[in-house]
Amino acid sequence: MLYDLKKNFHCFFQDNFLFVANALFSLKSIYKLFPNFLQGRPRAKVSWQKNGSPIDKNQINIRNTENDTIIFIRKAERSHSGEYDMKVEVENLVDKATIDIQIVDRPGPPEVVTIEDVWGENVNLSWKPPKDDGNAAITGYTIQKADKKSMEWFTVIEHYHRTSATINELVIGNEYYFRVFSENMCGLSEDATMTKESALIAKDGKVYKYPVYDDFDFTERPLFTQPLVNTFAVAGYNATLNCSVRGNPKPKITWLKNKVAILNDPRYRMFGNQGVCTLEIRKPSPYDGGTYTCRAVNELGEAEVDCKLEVKVIYQGVINPGEPIFMAGNKQLQNKDF
């Protein structure tokens with residue numbers, strides 16, 4: 001009976017592994033061979049390497065069977081972390097599998113814990129992350145305080161993610177020490193780092209000095225953000241001119257027609273809202289055409305914009321009955337126009 005050995009030979013790991021230091025663990029790999037009813041089959045030859053070198057059998061035990069191989073470590077240490085390669089040989093066929101093993105442990109304590117500031121009933125602390133993270137990410141810090149007289153420790157903050165914190169509601173007149181633990185997925189560090197100095201919460205408190213900021217200069221000379229636009233108007237229909245200006249102090253607005261200020265003229269209405277300036281010309285005639293100027297003035301300077309207004313007159317049925325024509329300005333109709 002012939003059997004295709006190559007199609008039925010494979011070894012594999014299901015996933016990478018994470019183990020806790022000082023714990024016992026075993027790692028099993030399965031390699032698939034041809035069916036058991038095949039008589040006289042060759043036995044698989046299994047070999048292991050760690051980081052490209054043969055495994056030290058004095059530290060790591062290996063047990064091989066017909067269908068699997070097991071690595072057995074009685075007391076895992078951080079030094080056992082690494083990349084493990086398994087090679088299985090059957091006759092002239094070879095298959096390999098690789099797995100990363102990471103041994104994690106509790107982290108070391110933070111480096112230096114410093115009292116940055118003391119004011120009122122508050123103390124500000126800062127510290128540096130630990131040099132040894134236990135081969136796993138630091139997930140937080142636990143902060144404790146102790147009164148100098150009793151030196152009994154009480155937790156004030158847990159699972160804190162930053163490297164600085166403010167401790168509040170301390171008792172006035174007491175003197176405090178502080179210490180900080182590091183934390184990762186295995187738990188808190190065995191030791192904590194304590195402040196070298198104590199923080200005295202003075203009875204009279206500390207007067208907080210408010211920072212002094214220079215006043216920002218918001219003053220600005222007038223500046224038109226939207227100019228006037230040349231406009232056509234129809235005689236007898238109200239027309240409006242609009243522009244927008246900014247400035248601080250608020251600028252004074254003056255409207256001019258042909259460089260002459262418009263003052264107390266009932267034909268014009270001037271108003272402004274939120275920096276938008278409007279001149280309304282009530283029922284203009286051709287004589288209201290010309291150059292209009294908006295001038296803005298404050299103590300820092302002045303600015304002005306202008307536009308041309310042309311008023312057109314509608315004449316009904318002059319050339320063709322019922323068809324309007326437009327005449328601009330104060331142009332007079334001549335006999336030749338009829």
# chains A, B, ... in the order shown; residues from 1 in each chain; ligands from 1
>>> closest_atom_pairs(of="range 161-247 of chain A", to="range 143-149 of chain A", cutoff="12 Å", atoms="only C-alpha atoms", output="tab-separated table")
residue	atom	partner	partner_atom	distance
A:His161	CA	A:Ile143	CA	11.1
A:Arg162	CA	A:Ile143	CA	11.3
A:Thr163	CA	A:Ile143	CA	10.7
A:Ser164	CA	A:Ile143	CA	10.3
A:Ala165	CA	A:Ile143	CA	8.9
A:Thr166	CA	A:Ile143	CA	10.4
A:Ile167	CA	A:Lys145	CA	9.0
A:Asn168	CA	A:Lys145	CA	11.1
A:Glu169	CA	A:Lys145	CA	11.8
A:Leu170	CA	A:Lys145	CA	9.7
A:Val171	CA	A:Asp147	CA	9.6
A:Ile172	CA	A:Asp147	CA	11.6
A:Gly173	CA	A:Asp147	CA	10.6
A:Asn174	CA	A:Asp147	CA	6.8
A:Glu175	CA	A:Lys148	CA	5.5
A:Tyr176	CA	A:Asp147	CA	4.7
A:Tyr177	CA	A:Ala146	CA	5.3
A:Phe178	CA	A:Lys145	CA	4.5
A:Arg179	CA	A:Gln144	CA	5.4
A:Val180	CA	A:Ile143	CA	4.6
A:Phe181	CA	A:Ile143	CA	6.6
A:Ser182	CA	A:Ile143	CA	9.2
A:Glu183	CA	A:Ile143	CA	11.0
A:Leu188	CA	A:Ile143	CA	11.2
A:Ala192	CA	A:Ile143	CA	9.2
A:Thr193	CA	A:Ile143	CA	9.8
A:Met194	CA	A:Gln144	CA	9.2
A:Thr195	CA	A:Lys145	CA	10.0
A:Glu197	CA	A:Lys148	CA	10.6
A:Ser198	CA	A:Lys148	CA	7.8
A:Ala199	CA	A:Lys148	CA	9.4
A:Leu200	CA	A:Lys148	CA	9.5
A:Ile201	CA	A:Asp147	CA	10.9
>>> residues_around(residues="Lys131 in chain A", least_positions_apart="6", cutoff="12 Å", atoms="only C-alpha atoms", output="CSV table (one decimal) with N, CA, C and O atoms, in the first residue's frame")
chain,number,residue,atom,x,y,z
A,107,PRO,N,6.5,44.7,37.9
A,107,PRO,CA,7.5,45.7,37.5
A,107,PRO,C,8.3,46.2,38.8
A,107,PRO,O,8.0,45.9,39.9
A,108,GLY,N,9.4,46.9,38.5
A,108,GLY,CA,10.1,47.6,39.5
A,108,GLY,C,9.4,48.8,40.0
A,108,GLY,O,8.5,49.3,39.3
A,109,PRO,N,9.8,49.4,41.1
A,109,PRO,CA,9.2,50.7,41.5
A,109,PRO,C,9.6,51.9,40.7
A,109,PRO,O,10.6,51.8,39.9
A,110,PRO,N,8.8,52.9,40.7
A,110,PRO,CA,9.2,54.2,40.0
A,110,PRO,C,10.6,54.6,40.4
A,110,PRO,O,11.0,54.3,41.5
A,111,GLU,N,11.2,55.5,39.6
A,111,GLU,CA,12.5,55.9,40.0
A,111,GLU,C,12.5,57.0,41.1
A,111,GLU,O,12.5,56.6,42.3
A,112,VAL,N,12.3,58.2,40.8
A,112,VAL,CA,12.4,59.3,41.8
A,112,VAL,C,11.0,59.9,42.0
A,112,VAL,O,10.4,60.3,41.0
A,137,ALA,N,3.7,46.1,29.6
A,137,ALA,CA,3.5,47.5,29.7
A,137,ALA,C,3.0,47.9,31.1
A,137,ALA,O,2.2,47.2,31.7
A,138,ILE,N,3.4,49.1,31.5
A,138,ILE,CA,2.9,49.7,32.8
A,138,ILE,C,1.5,50.2,32.6
A,138,ILE,O,1.2,51.0,31.7
A,182,SER,N,4.4,50.9,41.1
A,182,SER,CA,4.1,50.7,39.7
A,182,SER,C,3.2,49.5,39.5
A,182,SER,O,3.1,48.7,40.4
A,189,SER,N,4.2,46.6,41.9
A,189,SER,CA,5.6,46.3,42.2
A,189,SER,C,5.7,45.9,43.7
A,189,SER,O,4.9,46.3,44.6
>>> closest_residue(among="A:Arg295, A:Tyr287, A:Phe216, A:Gly236", to="Pro251 in chain A", atoms="only C-alpha atoms")
A:Arg295
>>> select_by_dssp(residues="range 41-166 of chain A", states="strand (DSSP E)", output="PyMOL selection string")
chain A and resi 45-50+53-54+61-64+68-73+82-90+93-104+113-119+122-127+140-147+153-160+164-166
>>> atom_distance(atom1="CA of Leu223 in chain A", atom2="CA of Lys252 in chain A")
12.2 Å
>>> residues_around(residues="range 261-276 of chain A", least_positions_apart="4", cutoff="9 Å", atoms="only C-alpha atoms", output="PyMOL selection string")
chain A and resi 226+242-247+250+253-257+280-284+293
